[in-house]
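Working notes, structure below.
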Amino acid sequence: RLLRETNGDRIEVVNLGVPGYFSLDSLVHLATRGVALEPDLVIVYDGVNDAALRIFQSPDCALGDNPLFGMGLDRGIWTVDNTPLPPSALYRLLALRLGWMRDPAVFDAQLVPTGLCPPEPQGVNPLDTLAANPPLLFERNLRGMAALARSAGAQPVFATFAWNRAALQAQVDATPEQYQAEALIRAIDEQNDLVRALAAELDATLVDLAADMGDGAYYQGDHVHMTATGAERQAALIAATIRAVQMIPEG
C-alpha cells in the first residue's frame, strides 16, 4: 500500500516469511518458491531464530559430521500413521476431546526426532555455547540468498534485525547472571553487524531497521515480536529506502 501510493498500483509484495524459520530455511524457500515468482526485489530479514540456534544448539549439530550438516536443530523426520480415521464424526469428536485418539490436525504429532544431532547442552553457560557457534552459517546463507536473487534478475535488500535491545540490556544490567539474555544481545549485535558488512561487500541495499526502530512501543513484551505499530514502521522504512535508491523504475 505504501509503495502504491507513490509508485502506482502495479506493485505486488509477496510475504514468504514463515514463523520459526531461520536463514537456511529462507534460502531454501527462496530457491524452491521465491525465484519462481520472478521477483524484482528480494528482501532478506532474518536474525533472532539464527541467534537462538547459536545460543542453545550444540556446535556439533550445525558444524559436525552428520547428515544434518548446517540444518541446525534436530527437527526430525515425518512418519506416516496409517491408522484410518473412524467414520463416525461424533465418535471422532468425543475421541479427540477425551484424548482417545491423536488430533490429525496437529501436524507435528508425527514428527520424530532423527537423533542425528546432540541434544541441547545442559548446565552450560549460553555465552560459552554462543562463542563456540560463530555466525558462519548465517553469513553463508545470506551470501546464498544474495547470489540466488541476482541469478533470478532480482536486486537483494538486506535488513538488520529490529528489536527492543535497550529493554533487554536494562534487564541484564539490573539483574546479575542473566546469561541467556546477554547471549541474545551479543548474538543479534554480531549478526546485525555482519548484515551491514555483507550489504556493503555485496553491493546490496541495506535497510538498517535495528538502528531506526529503537522505540519500545514497536515491540511486544518479549522485546522481539513487533506490535502492529512496529510492523507499520518496519514497512515504512523499507518502502522509504526502496524509493530513495530508486529501485522501482519510473512509470
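Identifiers for the C-alpha cells are assigned positionally: chains receive A, B, ... in sequence, residues are indexed from 1 per chain, and ligands are indexed from 1 in the order shown.
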
Checklist entry - So which residues touch Ser26 (chain A) within 9 Å, counting only C-alpha atoms, skipping near sequence neighbours fewer than 5 positions away, as JSON, numbers by chain? => result {"A": [16, 17, 18, 21, 31, 44, 45, 46, 141, 145]}

All helix (DSSP H, G or I) positions in region 136-193 of chain A, as a compact mmCIF listing (two decimals) with C-alpha atoms, in the first residue's frame:
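Writing the result to selection.txt gives the following:
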# COMPACT_ATOMS: atom_id res chain seq x y z
CA LEU A 136 29.34 -18.97 9.78
CA LEU A 137 26.08 -20.48 8.54
CA PHE A 138 24.23 -17.18 8.88
CA GLU A 139 26.81 -15.49 6.66
CA ARG A 140 26.81 -18.37 4.17
CA ASN A 141 23.02 -18.30 3.89
CA LEU A 142 22.88 -14.52 3.38
CA ARG A 143 25.51 -14.76 0.66
CA GLY A 144 23.50 -17.56 -0.93
CA MET A 145 20.28 -15.52 -0.93
CA ALA A 146 22.00 -12.53 -2.49
CA ALA A 147 23.52 -14.71 -5.22
CA LEU A 148 20.25 -16.51 -5.82
CA ALA A 149 18.33 -13.25 -6.07
CA ARG A 150 20.77 -11.87 -8.63
CA SER A 151 20.70 -15.11 -10.62
CA ARG A 165 17.64 -4.06 22.59
CA ALA A 166 17.60 -1.30 25.23
CA ALA A 167 14.92 -3.03 27.30
CA LEU A 168 16.79 -6.32 27.37
CA GLN A 169 20.07 -4.58 28.14
CA ALA A 170 18.41 -2.82 31.09
CA GLN A 171 17.24 -6.22 32.32
CA VAL A 172 20.78 -7.58 32.13
CA ASP A 173 22.19 -4.51 33.89
CA ALA A 174 19.64 -4.75 36.70
CA TYR A 179 23.47 -15.15 30.73
CA GLN A 180 20.75 -16.12 28.26
CA ALA A 181 19.65 -12.52 27.74
CA GLU A 182 23.24 -11.36 27.45
CA ALA A 183 23.94 -14.08 24.89
CA LEU A 184 20.94 -12.95 22.82
CA ILE A 185 22.19 -9.37 22.83
CA ARG A 186 25.66 -10.44 21.72
CA ALA A 187 24.36 -12.77 19.03
CA ILE A 188 21.96 -10.30 17.42
CA ASP A 189 24.50 -7.46 17.61
CA GLU A 190 27.08 -9.67 15.91
CA GLN A 191 24.65 -10.75 13.19
CA ASN A 192 23.41 -7.22 12.55
CA ASP A 193 27.00 -6.03 12.14

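CA of Pro19 (chain A) lies 9.4 Å from CA of Asn49 (chain A).
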